[in-house]
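What's in upload_34.cif: mmCIF, C-alpha atoms
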data_target
loop_
_atom_site.label_atom_id
_atom_site.label_comp_id
_atom_site.auth_asym_id
_atom_site.auth_seq_id
_atom_site.Cartn_x
_atom_site.Cartn_y
_atom_site.Cartn_z
CA MET H 1 80.30 131.81 165.19
CA SER H 2 82.72 132.60 162.41
CA ARG H 3 81.78 134.20 159.11
CA LEU H 4 81.65 132.37 155.80
CA LEU H 5 84.63 132.72 153.53
CA PRO H 6 83.98 135.24 150.75
CA SER H 7 84.14 132.46 148.16
CA LEU H 8 81.26 130.66 149.92
CA GLN H 9 78.97 133.69 150.24
CA GLU H 10 76.13 134.28 147.81
CA THR H 11 76.76 136.86 145.11
CA ASN H 12 73.90 139.32 144.86
CA ARG H 13 72.62 141.36 141.96
CA TYR H 14 70.42 144.42 142.22
CA LEU H 15 67.68 144.92 139.65
CA ALA H 16 66.27 148.42 139.26
CA PHE H 17 62.70 148.43 137.99
CA ALA H 18 59.88 150.86 137.27
CA VAL H 19 56.14 150.34 137.56
CA GLU H 20 53.96 151.93 134.93
CA ALA H 21 50.29 152.29 135.84
CA ALA H 22 47.48 154.75 135.29
CA HIS H 23 47.14 155.15 139.05
CA PRO H 24 49.85 155.61 141.72
CA VAL H 25 50.72 152.37 143.50
CA PHE H 26 52.20 151.98 146.95
CA PHE H 27 55.14 149.81 147.96
CA LYS H 28 53.02 147.19 149.73
CA ALA H 29 50.88 146.58 146.65
CA VAL H 30 53.93 146.41 144.36
CA SER H 31 55.71 144.05 146.74
CA GLN H 32 52.73 141.70 146.92
CA ALA H 33 52.29 141.69 143.14
CA VAL H 34 55.99 141.07 142.46
CA TRP H 35 56.12 138.26 145.03
CA GLN H 36 53.00 136.69 143.52
CA HIS H 37 54.54 136.65 140.06
CA ILE H 38 57.92 135.41 141.27
CA LEU H 39 56.27 132.56 143.19
CA GLY H 40 54.10 131.76 140.18
CA PHE H 41 57.03 131.79 137.76
CA ILE H 42 59.85 130.06 139.68
CA GLY H 43 57.93 128.55 142.60
CA SER H 44 58.59 128.71 146.31
CA LYS H 45 61.77 126.61 146.13
CA GLY H 46 63.15 128.79 143.35
CA ALA H 47 62.25 131.96 145.24
CA ALA H 48 64.02 130.64 148.33
CA GLU H 49 67.13 129.79 146.29
CA ALA H 50 66.98 133.19 144.58
CA GLY H 51 67.00 135.04 147.91
CA VAL H 52 64.63 137.64 146.52
CA TRP H 53 64.29 140.82 148.53
CA ILE H 54 62.39 143.91 147.43
CA LEU H 55 64.14 146.77 149.19
CA PRO H 56 61.50 148.96 150.91
CA ASP H 57 63.86 151.85 151.61
CA GLN H 58 64.72 152.10 147.89
CA TRP H 59 61.10 152.52 146.72
CA ASN H 60 60.52 155.94 145.12
CA GLN H 61 56.80 156.64 145.39
CA LYS H 62 56.89 159.69 143.11
CA ALA H 63 58.80 158.01 140.27
CA GLN H 64 57.23 154.56 140.92
CA GLN H 65 60.67 152.90 140.90
CA GLY H 66 62.40 150.43 143.14
CA ILE H 67 65.19 147.89 143.53
CA LEU H 68 64.96 144.12 143.84
CA LYS H 69 67.85 142.02 145.20
CA ALA H 70 68.44 138.43 144.05
CA THR H 71 71.32 135.98 143.71
CA HIS H 72 73.34 136.14 140.53
CA THR H 73 72.11 132.73 139.36
CA HIS H 74 68.40 133.63 139.58
CA VAL H 75 68.30 137.30 138.62
CA HIS H 76 67.21 136.57 135.04
CA ALA H 77 64.26 134.50 136.28
CA CYS H 78 63.25 137.40 138.54
CA LYS H 79 63.55 139.76 135.59
CA ALA H 80 61.26 137.49 133.55
CA ALA H 81 58.74 137.37 136.42
CA LEU H 82 58.71 141.18 136.46
CA ALA H 83 58.00 141.20 132.73
CA LEU H 84 54.94 139.01 133.32
CA LEU H 85 53.45 141.47 135.80
CA HIS H 86 50.25 142.88 134.29
CA THR H 87 48.02 143.86 137.22
CA ILE H 88 48.50 145.42 140.64
CA GLU H 89 45.53 145.36 142.98
CA GLY H 90 43.34 144.24 140.08
CA LYS H 91 44.17 147.29 137.96
CA PRO H 92 46.30 147.25 134.79
CA ALA H 93 49.98 147.90 135.37
CA MET H 94 53.35 146.76 134.10
CA ALA H 95 56.88 146.60 135.40
CA ARG H 96 59.99 147.10 133.33
CA SER H 97 63.62 146.61 134.14
CA LEU H 98 65.79 149.72 134.21
CA GLY H 99 69.12 148.01 134.80
CA MET H 100 71.02 145.37 136.72
CA SER H 101 74.15 145.79 138.83
CA GLY H 102 76.34 144.00 141.33
CA THR H 103 76.34 146.93 143.75
CA LEU H 104 73.47 148.83 145.31
CA ALA H 105 75.09 152.20 144.57
CA LYS H 106 75.28 151.46 140.84
CA ALA H 107 71.68 150.19 140.83
CA GLN H 108 70.56 153.44 142.47
CA GLY H 109 72.12 155.24 139.50
CA TYR H 110 69.53 153.62 137.21
CA LEU H 111 66.72 155.21 139.20
CA SER H 112 65.61 158.69 138.19
CA GLY H 113 65.13 161.48 140.68
#
How does the structure come out when it is put into structure tokens?
Amino acid sequence: MSRLLPSLQETNRYLAFAVEAAHPVFFKAVSQAVWQHILGFIGSKGAAEAGVWILPDQWNQKAQQGILKATHTHVHACKAALALLHTIEGKPAMARSLGMSGTLAKAQGYLSG
């Protein structure tokens, strides 16, 4: 099977985000909460088109920061869904965007530590 031409491939964006909560949260809980809000905000069809992926190897437990990958056409909807996040595991929390980039290396630069 041959590869897609570069002009036909999806263009990804990487969104660095931080979770602010009174208690430390683990990746699984953050991932479930983010997915819940993305599905609630743009729906399952929109989430499928957005190609959302929360990168588990980029989660920094100490700094409570991570990176979300989405297509360039849906990254702003994913950013809005993150802004609507207000609870994780039933406890108050919020997520804020640290920066957006077209490359993973540049997005990692937005993360502290």
Could you work out how far atom CA of H:Phe17 lies from atom CA of H:Gly109, giving the answer in Å with one decimal?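 Atom CA of H:Phe17 lies 11.7 Å from atom CA of H:Gly109.
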- Convert the output of the PyMOL selection byres ((chain H and resi 91) around 12) on the shown file into explicit residues, formatted as a list of chain:residue names.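 Listing what the PyMOL selection byres ((chain H and resi 91) around 12) selects in the shown file: H:Glu20, H:Ala21, H:Ala22, H:His23, H:Pro24, H:Val25, H:Ala29, H:Val30, H:Ala33, H:Leu85, H:His86, H:Thr87, H:Ile88, H:Glu89, H:Gly90, H:Pro92, H:Ala93, H:Met94.
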Which neighbours of stretch 56-72 of chain H fall inside 6 Å, counting only C-alpha atoms, when residues of the same chain fewer than 4 positions from it are skipped, and could you give them as a count of residues only? 12
Practice item. I need the residue set behind the PyMOL selection byres ((chain H and resi 84) around 12) for this file; please write it as JSON, numbers by chain. Key: {"H": [33, 34, 35, 36, 37, 38, 39, 40, 41, 77, 78, 79, 80, 81, 82, 83, 85, 86, 87, 88, 93, 94, 95, 96, 97]}
From atom CA of H:Leu55 to atom CA of H:Lys28 the spacing works out at 11.1 Å
re atom CA of H:Glu49 and atom CA of H:Glu10: distance 10.2 Å
